[in-house]
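This report refers to the structure that appears directly beneath it.
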Amino acid sequence: MRISSSQMFRNFSKWCLGTISAVFIAGTFHANAQGDALFKAKCASCHQTHKDGTGPKLFQVRTKWADGGAKDGSIYQWVNNWQAAAASDPYAQTVTTYSGAAMQQFPELKKEDIDAILDWVDAQPDPAAAAEGGAEGAASPTTTAVEEESSNGWVWIILGVIFAVVIGAVSGVRRQLKSAMADSVGDADNGTYTQEFKTWAWKNRKYVGLTSLVVVIALIVSSFLGLYSIGVVEEYHPSQPIQFPHAVHAGTNKIDCKYCHNTVTESRTAGIPSVNVCMNCHKQVNGRTPEQQEQIAKIYEAAGYIPEGAGKYTGKTKPIVWNKVHVLPDHVYFNHSQHVVVGGLDCKQCHGDMTKQVETQKVWPIQELNKIEGNIVLTKPTLTMGWCIECHAEKEISTGSIDTKNDGYYNEIHKRLLKHGKSLYGKYLEDGKVTVKELGGWECAKCHY
Amino acid sequence: MKLKFTAIASLTIVAASTLILGSCTADADSSGLEFMPDMYRSPAIEPYVDYGEIRGRENKAVKMKLSAFTPPSYTIPYYGTDSSKVMMMLPYHRKAMLPFRETHGMYGVDLSANDEYLASAVDVNPFKLTATNSEEIFKAGKTLFASNCAHCHGDAGDGNGPMVASGAYAGVPNYKNLTITEGQMFYSIYYGKGAMGSHSSILNKKEIWTLVHYVKKFQNAEYGKFDANGAVAVPASID
């Protein structure tokens with residue numbers, strides 16, 4: 001790795017700073033711990049040490065103010081009552097233009113407290129510099145998410161065509177030679193391809209008949225199998241405007257599915273988050289690697305947000321057009337809230353383990369869904385009707401049991417079943433559970449209008 | 001002569017079929033063959049997707065141009081037979097402040113020039129805790145908190161959620177250090193505060209007031225506890 005002189009100087013100055021602050025730490029350990037606690041309690045929700053946010057970064061802010069020509073002690077006045085400081089000091093007045101958000105007043109902080117906070121802040125290392133060093137070594141997870149789109153299909157087609165031409169040419173030559181030979185011998189039998197084939201087929205009619213029978217049956221079977229695959233969308237993985245890694249959001253950062261897909265408990269659809277939900281975190285999180293920054297910049301563009309400095313919304317928004325992955329035909333009614341709230345299903349039963357999905361979402365094939373712990377094992381392809389009703393026949397209704405005090409839908413059904421007679425209930429309970437199917441989950445009109 | 005003709009003819013067929021096959025381009029975003037394509041991409045605009053189809057014709061001007069929207073103002077439903085709950089769901093009477101346009105993207109909503117955050121300090125939680133409902137409210141609050149807040153604020157409300165622990169996010173306060181009133185908590189969740197964005201598009205007023213109760217429980221473990229007579233064990237306000 002080549003280190004430029006400026007970098008070396010920076011490293012050197014950082015080292016100097018580190019040594020100096022280490023000396024300071026040794027001397028003023030108590031004050032430092034107090035500064036840490038005070039910073040976290042009073043400042044951290046708006047200020048960061050090395051990054052502008054809701055408030056400007058606080059690293060060496062005293063030097064910044066002094067260099068900017070601020071009056072002596074005006075920074076302390078600012079913390080106590082920023083309006084008063086802005087009124088008396090022209091430099092403090094310029095600080096008020098940082099962002100539209102006004103700072104809270106902290107009249108309870110004494111000069112020593114403020115110095116303790118700022119001493120602690122100045123002693124903090126820059127996390128961005130540390131991350132830069134780390135990023136060089138480790139490849140980012142998003143790079144693996146970029147998909148290889150080219151396929152080898154065309155190579156095979158071209159090779160096949162060439163092969164066919166070669167066969168045709170060789171057999172043509174062979175035939176010409178043969179006919180030339182026949183001419184020279186004086187044989188009149190100068191048959192065409194068809195005639196030749198007919199004689200050959202008649203000679204070997206047993207084999208030809210058997211082979212053609214096998215071929216015809218195979219064709220019929222394969223065409224039926226082909227028909228069965230119509231409408232089966234397993235592994236459907238459309239392109240998306242943003243390479244969204246679920247693994248980072250739901251996996252590393254453990255954000256609940258229901259935060260972004262927040263209508264899942266209320267509505268028929270789970271909900272694609274509108275961009276303001278993305279911005280709840282991404283206002284601050286702007287990506288560590290260039291790949292991440294490129295993707296997050298698309299969110300900023302859609303939200304009409306300029307991340308520089310304090311950050312600013314312009315109001316010029318632009319929709320992000322996602323490609324829908326799980327599409328059901330219009331004659332099927334599916335309701336997410338019914339499955340998630342009433343049925344108590346986990347998202348992973350149908351959508352797979354998103355905490356590990358680095359690429360954008362796809363329709364998970366049933367084999368992969370079955371591997372996930374806690375999932376009901378099913379056999380039919382994902383998103384087909386067979387898959388739905390198979391699950392309805394398997395899934396036990398545990399919520400809405402007869403013991404609960406609620407007068408819910410399922411209790412009503414339980415009551416009616418009891419009224420109907422113990423025999424029917426007994427039949428249902430032969431396998432030890434009451435399934436969705438037994439409470440009407442296989443009725444056509446449940447899902448079809 | 002005849003031979004030459006067949007050779008030319010077969011070559012032409014091969015060349016033509018190559019060209020025809022070559023012109024077949026697969027749509028990478030197609031999900032494959034469907035029995036009734038018009039049942040999958042219908043003229044009705046489906047949630048989050050507009051295929052721009054009208055009776056077999058395609059309206060390119062609208063096709064795939066829009067996706068998820070933020071709910072328009074005042075469209076969060078409020079209904080029910082309990083008048084206190086209906087009142088709770090009425091539109092919020094406090095407005096966002098003018099700077100919120102640039103700091104929190106509050107465009108297209110009514111704004112106020114006054115400091116409504118300060119004014120909201122006097123608002124009280126209309127969702128009253130009683131000896132009978134407190135357990136239920138805290139349970140609902142816990143569920144809401146786990147999905148909507150815990151990734152930053154932490155399961156214990158200490159501002160050290162998995163987002164902060166992983167190093168992705170910084171500056172989340174510990175609830176114990178907050179000295180704001182419940183009205184201001186509501187205002188902050190509804191319109192956002194500092195780095196936090198507005199949650200008015202994903203939580204309704206009843207849910208936010210439920211969360212306010214739950215957050216106050218972090219600040220004071222005795223909050224919302226009732227003695228044997230059903231009287232409040234500690235004053236509801238700890239400010």
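Here's how to read the names in the structure tokens: chain A, B, ... by the order shown, residue numbers from 1 in each chain, ligand numbers from 1 in the order shown.
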For chain A, which residues have at least one atom within 6 Å of chain B, if we go by only C-alpha atoms? Write them as a count of residues only, please. 25
Closest pair table for range 211-268 of chain A residues within 10 Å of range 295-310 of chain A, only C-alpha atoms, as a tab-separated table:
residue	atom	partner	partner_atom	distance
A:Pro241	CA	A:Lys298	CA	8.6
A:Ile242	CA	A:Gln295	CA	6.0
A:Gln243	CA	A:Gln295	CA	6.8
A:Phe244	CA	A:Gln295	CA	8.1
What would the file look like if the residues just selected were written as a compact mmCIF listing (two decimals), in the first residue's frame with C-alpha atoms?
# COMPACT_ATOMS: atom_id res chain seq x y z
CA PRO A 241 -34.31 -0.21 -9.00
CA ILE A 242 -32.24 -0.49 -5.80
CA GLN A 243 -30.07 -3.50 -4.88
CA PHE A 244 -31.74 -3.79 -1.50
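In terms of minimum interatomic distance to Asn220 in chain B, B:Gly157 ranks closest within B:Gly141, B:Thr132, B:Leu118, B:Gly157, counting only C-alpha atoms.
Residue nearest Lys85 in chain B within the list B:Gln184, B:Lys205, B:Thr143, B:Asp115: B:Lys205 [criterion: smallest interatomic distance, only C-alpha atoms].
CA of Ile372 in chain A lies 16.4 Å from CA of Glu235 in chain A.
Picture a line from CA of Val358 in chain A to CA of Val264 in chain A; it runs 22.3 Å.
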State, in Å with one decimal place, the distance from CA of Cys388 in chain A to CA of Ile220 in chain A. 28.3 Å
